[in-house]
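Engineer: Before I ask anything, let me first share the structure, which is written out below as structure tokens.
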Number of protein chains: 2
Amino acid sequence: MSENTTNKQICEQLKKERAKCKDVNEDLKKERASCDFTMEEVTNILDGGKEQTVRRRKLENLALNSGASIDKIPDECLDLRAKYENAVRKSCDYYNIVKDELAAMSGIESYGSQIIRRTVDGFFKDISPFYLHVGMFVTTVMGQCTPEQQARWLPKALTMQVLGAYGQTELGHGTNIRGLETTATYDPETEEFIMNTPTLTSYKWWAGTLGKTANHCVVLAQLWTQGKCHGIYPFIVQIRDLDTHQPLPGVHVGDVGPRMGYTTADNGFLGMKNVRIPRENMPMKNAQVLKDGTFVKKDRHGKLTYGTMVFVRVTLVSDAAFYVAKAATIAVRYSAVRRQCQAKENEPELQILDYRTQQHKLFICIATAHALQLAARWLWKTFTDVLADLREGNVEKLPELHALSSCLKSVSTSDASTCVEQCRYACGGHGYMMSSNLPYIYGHAVAIRTYEGDYTVLLLQGARYLVKAWEQMEAGNRLTPTVAYLSNAVSNQQAKWENTPEGIIRAFQAVAAAKIQFCVQSIRDLMKSGKCYEDAWQLTTLQLVEAAEVHCRAVMLDTYWKENLRLTASCSDNVKRVLRQLTSLYIIYWALDRAGDLLRYTCLSEKNVNILERQYEELLAALRPNAVGLVDAFDIRDEILNSSLGAYDGHVYIRLMEEAMKSPLNVQEVDPSFHKYIRPLAKGKL
Amino acid sequence: MSENTTNKQICEQLKKERAKCKDVNEDLKKERASCDFTMEEVTNILDGGKEQTVRRRKLENLALNSGASIDKIPDECLDLRAKYENAVRKSCDYYNIVKDELAAMSGIESYGSQIIRRTVDGFFKDISPFYLHVGMFVTTVMGQCTPEQQARWLPKALTMQVLGAYGQTELGHGTNIRGLETTATYDPETEEFIMNTPTLTSYKWWAGTLGKTANHCVVLAQLWTQGKCHGIYPFIVQIRDLDTHQPLPGVHVGDVGPRMGYTTADNGFLGMKNVRIPRENMPMKNAQVLKDGTFVKKDRHGKLTYGTMVFVRVTLVSDAAFYVAKAATIAVRYSAVRRQCQAKENEPELQILDYRTQQHKLFICIATAHALQLAARWLWKTFTDVLADLREGNVEKLPELHALSSCLKSVSTSDASTCVEQCRYACGGHGYMMSSNLPYIYGHAVAIRTYEGDYTVLLLQGARYLVKAWEQMEAGNRLTPTVAYLSNAVSNQQAKWENTPEGIIRAFQAVAAAKIQFCVQSIRDLMKSGKCYEDAWQLTTLQLVEAAEVHCRAVMLDTYWKENLRLTASCSDNVKRVLRQLTSLYIIYWALDRAGDLLRYTCLSEKNVNILERQYEELLAALRPNAVGLVDAFDIRDEILNSSLGAYDGHVYIRLMEEAMKSPLNVQEVDPSFHKYIRPLAKGKL
């Protein structure tokens with residue numbers, strides 16, 4: 001094995017470079033000095049209050065200060081099994097470090113908190129194999145089991161004796177939950193359910209934690225009892241021996257193979273052949289099968305199971321916000337450090353953050369992170385209100401929440417994917433390095449765009465609600481809050497263009513109303529021409545998706561605008577000003593993006609467009625001096641950001657080279673493949 | 001080590017499933033039976049003629065029929081070093097298989113051929129470490145060396161004794177080539193150049209093949225001689241011993257660390273400290289240093305070095321086309337096989353290809369693959385014409401070609417990235433599996449969007465040409481072909497909307513002209529207000545980027561429309577019809593996408609937009625029965641497609657499970673990490 005003297009020399013050189021510039025890159029220092037607002041106020045707003053910032057930092061200190069989260073060899077250099085093992089090791093470390101804190105948190109709410117999520121990101125560039133156990137298995141037990149069942153499962157689940165996955169999607173079935181093929185057939189003789197995956201396409205597929213880690217799985221299956229199918233219900237199935245971890249008889253379980261991201265989540269498959277589980281393993285809060293096989297449904301409307309689904313979507317909006325915050329932090333800091341091309345001869349090269357095109361790419365991402373974070377918090381509040389109503393048997397608000405969470409999940413995760421990739425592009429070639437962390441963040445952002453309800457499918461669910469709301473309006477009924485604007489829609493379309501945030505928001509509502517109206521009309525016309533409702537719906541889906549998207553944009557603009565006003569009410573003037581600039585930028589950005597629609601459906605004129613364009617550029621210029629301050633205010637620790645380009649000290653080039661030094665390809669000067677293949681080839685002897 | 005009986009059982013089950021459905025999935029069979037045009041004609045058009053199809057298939061048979069390209073363990077399961085070694089092994093195999101064919105190809109032109117590229121893709125899901133040797137080192141020797149120098153280098157380079165990289169980008173310098181820090185200082189005493197990378201930021205960074213494979217590198221450096229710097233020139237530097245492969249004294253070379261894609265390209269870094277190379281190692285076709293140190297420039301305009309750059313951009317447009325063709329093939333075939341949700345009760349689930357929203361996502365991708373392929377071929381033809389002119393000293397057409405290739409490279413690679421990701425999204429969760437190959441294709445598509453000139457930077461280069469062209473027009477001078485439309489621009493803006501492909505193309509030209517005019521005016525206004533030209537330019541960059549993009553769209557629409565007419569002139573009627581539908585779809589798609597601009601700058605009315613929307617949907621419906629036929633006509637072999645979702649036989653679920661069985665995580669039933677970490681944790685003993 002040839003020793004690598006290059007590495008030694010470079011590492012020495014890097015130490016010297018570090019010594020030369022020990023604290024922070026000069027450009028970043030200047031940026032921070034020029035920032036004119038109090039970052040801490042902004043951090044508190046994003047965290048949801050001062051106390052939350054304190055709690056978060058406390059947990060981050062606890063979890064990350066020990067250094068247990070740091071990898072000597074980057075994950076992406078390891079083989080698939082080694083990656084998984086490393087992730088298991090760190091999951092156990094992490095659990096041991098934070099378990100007391102976890103235990104102190106109460107109920108399902110705390111799991112929606114970004115506080116845990118952020119420290120987890122500090123440990124895993126990718127993801128923990130325990131993630132779905134905590135995020136889906138435990139939450140399902142909490143949400144769908146009776147208190148007695150919870151008492152049985154939770155203590156073991158929270159101490160990792162029971163490690164569970166959540167198996168819904170099958171190899172052949174995702175969106176169409178009603179089409180799932182897995183069966184749970186009740187046998188009153190033994191008081192057991194018999195679980196089966198009768199075909200290849202019915203193998204459970206995708207569930208995180210399932211492949212190698214879990215010994216239990218919540219399995220969604222068609223419930224058969226007394227010769228009748230009652231539809232899809234969850235069942236807690238033990239799949240591996242608690243002691244030996246061997247799969248139980250009749251169980252096929254394993255890893256689904258490598259993925260674009262979440263490589264360490266051990267997403268798994270599960271086949272079952274006559275696997276028997278006790279009757280009590282069916283979560284019985286909303287429905288149950290009695291000993292004799294009688295099926296009893298407590299949730300008459302079938303709406304209580306919405307709960308978990310909506311909960312997960314809310315957390316995804318929050319995740320989307322955090323991905324964008326991370327990507328923006330990396331790209332803005334890098335753009336402050338990176339210098340490229342002189343504007344004029346004999347001048348130093350410009351910070352690329354000074355290019356208008358770069359500002360155009362990045363500042364909308366900062367604003368999007370704010371918009372999504374405030375939307376997530378607002379949705380969370382709405383969700384907990386609805387939950388409280390539900391506990392009192394009031395299910396009235398659930399359909400609106402469901403439609404809203406569907407649309408917001410789609411649009412926020414799609415926007416997040418776009419923003420993250422835009423930040424990556426803005427970092428040029430270096431954004432393509434894994435050590436930038438941007439490829440990982442992108443891999444996660446696009447995953448949440450698809451899972452838990454595909455982008456298009458969820459927008460169409462939202463559209464169903466919008467069409468119904470339109471019909472309600474026509475019938476003269478009162479509308480729920482998020483669609484109440486439909487009543488004024490027609491007059492807003494004709495209203496004079498008003499060049500204010502409120503005016504633009506009303507214009508978006510007018511566009512949404514026009515598009516919904518068009519869909520309703522299209523469906524009616526098609527039905528008149530002889531189509532049935534479902535065919536007419538299918539033939540209108542392109543317009544329905546668009547209508548739902550614009551509706552969602554209107555809600556997001558409105559929420560961001562109002563929540564920002566509310567949350568900054570008691571802030572210092574400078575914070576008010578900067579955050580007001582950011583909201584205005586966001587609203588104008590979308591007005592320009594949708595100028596075609598606004599020209600079609602409102603009184604926006606070409607002259608107004610030009611004014612908006614000018615205002616947009618003025619806002620870019622106004623935000624420029626505070627750009628680094630704004631991303632610093634996301635307050636994302638280096639361990640969590642995990643990026644050679646985005647670290648707080650801005651020593652980008654030293655860090656890129658330090659990361660390169662960790663590559664296993666650099667352990668030996670001459671790779672063995674030279675002697676095995678290249679040399680013989682060159683000598684014509686291969 | 002616990003044996004894995006699950007795997008055995010599943011593998012047996014998969015064999016049975018295979019036996020049940022041995023040839024092709026029933027849905028795909030039906031799709032192919034319903035296809036009503038002659039695929040072979042379309043294949044020939046895309047290949048550039050019947051003979052090219054024959055040549056391509058011959059090389060594919062030669063390279064792929066032996067099975068040497070197939071991996072037992074997918075690359076993404078291996079560690080970084082094993083991945084590289086596997087790629088080196090296969091590169092040597094590939095070279096041995098095709099070397100006689102390669103030798104029979106003549107000159108630089110053959111390297112731009114997709115024929116080689118396609119078989120290479122059959123060997124490497126990612127990329128060959130030899131790729132840049134062939135693509136950049138050899139082509140530089142061919143393009144920039146004198147015949148004597150070529151005689152010295154080429155025989156060794158083509159037999160892989162000399163393996164070269166191309167080192168331009170530095171850790172701190174990408175876009176700004178003039179700012180490169182690496183120096184080549186001529187020493188007349190010894191008749192050598194002394195190569196140096198004086199700072200960390202001047203280390204060469206990114207060059208493929210450089211890290212571990214190459215023993216030479218074309219290094220771009222500031223040429224110093226007789227105390228004067230003459231700017232950037234290439235130098236051929238030996239970096240490793242040919243026999244031992246050890247780095248030569250003063251050379252620091254290694255891998256830059258893992259990347260989002262191209263993991264097996266061994267992208268490398270290179271630092272040099274007083275590395276001496278003979279004077280003759282400077283390619284001397286365009287410039288040279290005489291023995292006494294006198295600098296002699298043969299290329300007075302500095303334009304001959306454009307050649308390689310333009311050549312590479314042309315091949316990138318072609319690569320972009322191929323990425324989209326691959327992604328579309330995968331997504332369309334999968335969408336024909338995948339069934340999800342019933343339209344009505346008691347009906348079978350629908351093929352997802354029957355959903356309008358899915359057609360909307362996919363058919364534009366088929367059309368884009370055609371549009372980019374024809375644009376690439378047309379650009380290639382233009383390029384070779386210009387090359388012929390250059391040989392006769394005529395450099396007149398070079399600026400237009402340069403501007404055109406800049407814009408086309410930007411827009412085509414950006415469109416390709418979007419299309420590939422759209423195809424991946426259209427495959428839902430399964431598109432996230434590495435075995436779909438879509439994540440790899442995306443990783444490559446986004447790479448070419450950045451390298452060899454970033455999206456924004458190149459569009460701004462194109463914009464410089466457009467602004468000059470506008471001034472030429474104002475001065476009453478004759479315009480070059482691709483901007484000749486500017487002369488009629490103003491009248492076209494006022495022209496009545498004409499709802500034909502030609503009408504839409506003219507409308508795009510009108511929009512482009514309006515945007516260029518706006519930019520010219522903005523720059524002039526800013527200069528009147530006291531700004532210098534460069535500041536005025538900077539403040540107009542958002543509009544300049546847009547102008548260049550719309551100009552490029554106009555060129556692409558026009559090229560696609562005309563080239564398709566020309567190439568289908570002698571085709572059968574059905575091929576004419578289908579390809580005409582495809583071009584119309586493409587043109588209307590972009591008209592709708594840019595409706596905002598068309599509403600602002602042409603006489604398009606709301607009513608026209610509605611008509612276009614209806615036509616667009618009619619075209620989706622018309623193309624639906626031929627969708628699978630159209631992707632089959634790309635004629636991409638399974639080895640090249642490398643996709644569980646896109647294989648010709650459509651056995652999607654069997655293939656997904658077969659791929660899962662290859663995961664190293666499935667070798668043992670119980671992963672060792674259970675006993676190491678999870679069990680002790682659960683017992684409270686970790």
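Please note that chains go A, B, ... in the order of the structure tokens, that every chain numbers its residues from 1, and that ligands are numbered from 1 in the order shown.
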What residues in chain A have any atom no more than 6 Å from chain B when counting only C-alpha atoms, and can you write them as a PyMOL selection string?
Structural biologist: chain A and resi 6+77-81+85+160-161+176+252+254+256-260+341+357+432-434+439+542+595-596+660+663+665-666+673+682
Engineer: How about saving the chosen residues, N, CA, C and O atoms kept, as a compact mmCIF listing (two decimals), in the first residue's frame?
Structural biologist:
```txt
# COMPACT_ATOMS: atom_id res chain seq x y z
N THR A 6 0.97 13.26 -0.60
CA THR A 6 0.18 14.42 -1.01
C THR A 6 -0.76 14.85 0.11
O THR A 6 -0.81 16.01 0.50
N CYS A 77 -19.30 8.18 1.26
CA CYS A 77 -18.14 7.39 0.83
C CYS A 77 -18.28 5.92 1.19
O CYS A 77 -17.53 5.08 0.71
N LEU A 78 -19.23 5.60 2.07
CA LEU A 78 -19.36 4.23 2.58
C LEU A 78 -20.23 3.38 1.67
O LEU A 78 -21.00 3.90 0.87
N ASP A 79 -20.11 2.05 1.84
CA ASP A 79 -21.04 1.20 1.10
C ASP A 79 -22.38 1.19 1.84
O ASP A 79 -22.50 1.67 2.97
N LEU A 80 -23.39 0.64 1.17
CA LEU A 80 -24.75 0.76 1.67
C LEU A 80 -24.91 0.20 3.09
O LEU A 80 -25.55 0.80 3.95
N ARG A 81 -24.26 -0.95 3.34
CA ARG A 81 -24.42 -1.56 4.66
C ARG A 81 -23.70 -0.75 5.73
O ARG A 81 -24.23 -0.53 6.82
N GLU A 85 -25.22 0.86 9.13
CA GLU A 85 -24.70 0.57 10.46
C GLU A 85 -24.29 1.85 11.19
O GLU A 85 -24.57 2.02 12.39
N MET A 160 -37.45 1.75 22.94
CA MET A 160 -36.86 1.09 21.78
C MET A 160 -36.82 -0.43 21.88
O MET A 160 -36.04 -1.07 21.20
N GLN A 161 -37.65 -0.99 22.79
CA GLN A 161 -37.76 -2.46 22.79
C GLN A 161 -38.65 -2.88 21.63
O GLN A 161 -38.36 -3.82 20.90
N ASN A 176 -53.98 5.03 -4.47
CA ASN A 176 -55.29 4.42 -4.29
C ASN A 176 -55.34 3.54 -3.06
O ASN A 176 -55.21 2.31 -3.14
N HIS A 252 -41.79 -12.12 5.16
CA HIS A 252 -40.68 -11.75 4.26
C HIS A 252 -40.39 -10.29 4.49
O HIS A 252 -41.25 -9.44 4.24
N GLY A 254 -37.29 -7.08 4.19
CA GLY A 254 -35.95 -6.69 3.74
C GLY A 254 -35.95 -5.26 3.22
O GLY A 254 -36.96 -4.57 3.26
N VAL A 256 -35.61 -2.29 0.38
CA VAL A 256 -36.08 -2.16 -1.00
C VAL A 256 -34.98 -1.79 -1.99
O VAL A 256 -35.22 -1.68 -3.19
N GLY A 257 -33.76 -1.59 -1.49
CA GLY A 257 -32.68 -1.19 -2.38
C GLY A 257 -32.48 0.30 -2.36
O GLY A 257 -33.31 1.04 -1.84
N PRO A 258 -31.34 0.74 -2.90
CA PRO A 258 -30.95 2.14 -2.75
C PRO A 258 -31.90 3.14 -3.41
O PRO A 258 -32.55 2.83 -4.39
N ARG A 259 -31.93 4.32 -2.81
CA ARG A 259 -32.84 5.38 -3.23
C ARG A 259 -32.06 6.67 -3.46
O ARG A 259 -30.90 6.77 -3.14
N MET A 260 -32.75 7.64 -4.00
CA MET A 260 -32.13 8.93 -4.31
C MET A 260 -31.70 9.65 -3.03
O MET A 260 -30.73 10.39 -3.03
N CYS A 341 -15.27 37.59 -11.24
CA CYS A 341 -15.29 38.63 -12.29
C CYS A 341 -15.26 40.04 -11.70
O CYS A 341 -15.87 40.31 -10.67
N THR A 357 -28.68 39.11 -10.67
CA THR A 357 -29.22 37.79 -11.02
C THR A 357 -29.11 36.83 -9.82
O THR A 357 -29.98 35.98 -9.62
N TYR A 432 -22.58 21.17 -6.44
CA TYR A 432 -22.73 19.78 -6.88
C TYR A 432 -21.94 18.83 -5.97
O TYR A 432 -22.11 17.62 -6.02
N MET A 433 -21.05 19.42 -5.13
CA MET A 433 -20.28 18.60 -4.18
C MET A 433 -21.21 18.12 -3.07
O MET A 433 -21.98 18.91 -2.52
N MET A 434 -21.08 16.86 -2.70
CA MET A 434 -21.89 16.36 -1.58
C MET A 434 -21.55 17.13 -0.30
O MET A 434 -22.41 17.33 0.56
N PRO A 439 -27.03 18.63 -2.29
CA PRO A 439 -27.68 17.47 -2.93
C PRO A 439 -28.52 16.65 -1.94
O PRO A 439 -29.59 16.17 -2.29
N LEU A 542 -56.58 19.38 -15.78
CA LEU A 542 -55.48 20.35 -15.92
C LEU A 542 -55.88 21.69 -15.31
O LEU A 542 -55.10 22.34 -14.62
N ALA A 595 -47.99 36.94 -13.81
CA ALA A 595 -48.48 38.12 -14.53
C ALA A 595 -49.47 37.72 -15.64
O ALA A 595 -50.46 38.41 -15.87
N GLY A 596 -49.21 36.61 -16.29
CA GLY A 596 -50.10 36.16 -17.35
C GLY A 596 -51.52 35.99 -16.84
O GLY A 596 -52.49 36.48 -17.44
N ALA A 660 -12.33 16.96 0.87
CA ALA A 660 -11.71 16.10 -0.15
C ALA A 660 -10.71 15.15 0.50
O ALA A 660 -10.61 13.98 0.11
N SER A 663 -11.85 11.69 1.49
CA SER A 663 -12.28 10.71 0.48
C SER A 663 -11.42 9.45 0.55
O SER A 663 -10.18 9.54 0.54
N LEU A 665 -10.72 7.58 -1.70
CA LEU A 665 -9.87 7.52 -2.89
C LEU A 665 -8.53 8.21 -2.66
O LEU A 665 -7.59 8.03 -3.43
N ASN A 666 -8.46 9.02 -1.62
CA ASN A 666 -7.21 9.73 -1.35
C ASN A 666 -6.37 9.05 -0.28
O ASN A 666 -5.35 9.59 0.14
N SER A 673 -6.48 -0.10 -8.60
CA SER A 673 -7.02 -0.40 -9.94
C SER A 673 -6.00 -0.06 -11.03
O SER A 673 -6.09 -0.60 -12.13
N ALA A 682 -2.53 -0.43 -20.88
CA ALA A 682 -1.60 0.42 -21.61
C ALA A 682 -0.49 -0.40 -22.25
O ALA A 682 0.05 -0.04 -23.29
```
Engineer: Mind listing the alpha helix (DSSP H) residues of stretch 496-556 of chain B, per DSSP on the backbone, as an MDAnalysis selection string?
Structural biologist: chainID B and resid 501:528 533:538 541:556
Engineer: Just the selected residues (C-alpha atoms), exported as a PDB file, in the first residue's frame, please.
Structural biologist:
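So part_2.pdb came out as:
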```pdb
ATOM      1  CA  PRO B 501     -47.135  27.305 -35.667  1.00  0.00           C
ATOM      2  CA  GLU B 502     -45.559  29.952 -37.909  1.00  0.00           C
ATOM      3  CA  GLY B 503     -47.740  32.612 -36.312  1.00  0.00           C
ATOM      4  CA  ILE B 504     -46.701  31.568 -32.818  1.00  0.00           C
ATOM      5  CA  ILE B 505     -43.040  31.509 -33.819  1.00  0.00           C
ATOM      6  CA  ARG B 506     -43.361  35.054 -35.176  1.00  0.00           C
ATOM      7  CA  ALA B 507     -45.055  36.070 -31.942  1.00  0.00           C
ATOM      8  CA  PHE B 508     -42.111  34.696 -29.957  1.00  0.00           C
ATOM      9  CA  GLN B 509     -39.758  36.686 -32.160  1.00  0.00           C
ATOM     10  CA  ALA B 510     -41.864  39.782 -31.473  1.00  0.00           C
ATOM     11  CA  VAL B 511     -41.588  39.160 -27.723  1.00  0.00           C
ATOM     12  CA  ALA B 512     -37.835  38.624 -27.973  1.00  0.00           C
ATOM     13  CA  ALA B 513     -37.453  41.819 -29.976  1.00  0.00           C
ATOM     14  CA  ALA B 514     -39.526  43.776 -27.471  1.00  0.00           C
ATOM     15  CA  LYS B 515     -37.419  42.484 -24.616  1.00  0.00           C
ATOM     16  CA  ILE B 516     -34.147  43.242 -26.377  1.00  0.00           C
ATOM     17  CA  GLN B 517     -35.414  46.707 -27.210  1.00  0.00           C
ATOM     18  CA  PHE B 518     -36.369  47.227 -23.556  1.00  0.00           C
ATOM     19  CA  CYS B 519     -32.854  46.216 -22.472  1.00  0.00           C
ATOM     20  CA  VAL B 520     -31.172  48.536 -24.974  1.00  0.00           C
ATOM     21  CA  GLN B 521     -33.389  51.369 -23.808  1.00  0.00           C
ATOM     22  CA  SER B 522     -32.792  50.605 -20.143  1.00  0.00           C
ATOM     23  CA  ILE B 523     -29.019  50.623 -20.621  1.00  0.00           C
ATOM     24  CA  ARG B 524     -29.210  53.917 -22.487  1.00  0.00           C
ATOM     25  CA  ASP B 525     -31.455  55.499 -19.861  1.00  0.00           C
ATOM     26  CA  LEU B 526     -29.155  54.405 -17.070  1.00  0.00           C
ATOM     27  CA  MET B 527     -26.131  55.797 -18.926  1.00  0.00           C
ATOM     28  CA  LYS B 528     -27.940  59.082 -19.443  1.00  0.00           C
ATOM     29  CA  TYR B 533     -21.886  51.067 -19.456  1.00  0.00           C
ATOM     30  CA  GLU B 534     -20.904  48.165 -17.251  1.00  0.00           C
ATOM     31  CA  ASP B 535     -22.999  49.408 -14.311  1.00  0.00           C
ATOM     32  CA  ALA B 536     -25.939  50.014 -16.620  1.00  0.00           C
ATOM     33  CA  TRP B 537     -25.497  46.489 -17.975  1.00  0.00           C
ATOM     34  CA  GLN B 538     -25.388  45.014 -14.463  1.00  0.00           C
ATOM     35  CA  THR B 541     -29.217  41.759 -16.170  1.00  0.00           C
ATOM     36  CA  LEU B 542     -32.580  40.333 -15.060  1.00  0.00           C
ATOM     37  CA  GLN B 543     -34.140  41.642 -18.267  1.00  0.00           C
ATOM     38  CA  LEU B 544     -31.140  40.618 -20.384  1.00  0.00           C
ATOM     39  CA  VAL B 545     -31.353  37.017 -19.170  1.00  0.00           C
ATOM     40  CA  GLU B 546     -35.044  36.974 -20.043  1.00  0.00           C
ATOM     41  CA  ALA B 547     -34.459  38.475 -23.454  1.00  0.00           C
ATOM     42  CA  ALA B 548     -31.806  35.890 -24.283  1.00  0.00           C
ATOM     43  CA  GLU B 549     -34.055  33.087 -23.087  1.00  0.00           C
ATOM     44  CA  VAL B 550     -37.004  34.184 -25.190  1.00  0.00           C
ATOM     45  CA  HIS B 551     -34.733  34.682 -28.190  1.00  0.00           C
ATOM     46  CA  CYS B 552     -33.475  31.148 -27.717  1.00  0.00           C
ATOM     47  CA  ARG B 553     -37.030  29.813 -27.434  1.00  0.00           C
ATOM     48  CA  ALA B 554     -37.886  31.521 -30.705  1.00  0.00           C
ATOM     49  CA  VAL B 555     -34.860  29.908 -32.365  1.00  0.00           C
ATOM     50  CA  MET B 556     -35.706  26.500 -30.907  1.00  0.00           C
TER      51      MET B 556
END
```
Engineer: Just the number, please: distance in Å from atom CA of B:Tyr465 to atom CA of B:Thr384, one decimal.
Structural biologist: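 One can read the atom CA of B:Tyr465 to atom CA of B:Thr384 distance as 20.8 Å.
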Engineer: Between atom CA of B:Leu379 and atom CA of B:Ser318, what is the spacing in Å?
Structural biologist: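 Atom-to-atom, atom CA of B:Ser318 to atom CA of B:Leu379, that is 9.6 Å.
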Engineer: I need the residues in stretch 72-306 of chain A that are strand (DSSP E) according to DSSP; give them as a ChimeraX atom specification.
Structural biologist: /A:164-167,183-187,192-196,204-207,216-225,228-238,251-255,268-272,275-278,287-289,295-297
Engineer: In Å to one decimal, how far is atom CA of B:Gln351 from atom CA of B:Ala33?
Structural biologist: 16.1 Å
Engineer: I'd like the contact shell of B:Thr53 - 8 Å cut-off, only C-alpha atoms, skipping same-chain residues fewer than 4 positions apart - returned as a ChimeraX atom specification.
Structural biologist: /B:43-44,47-49,57
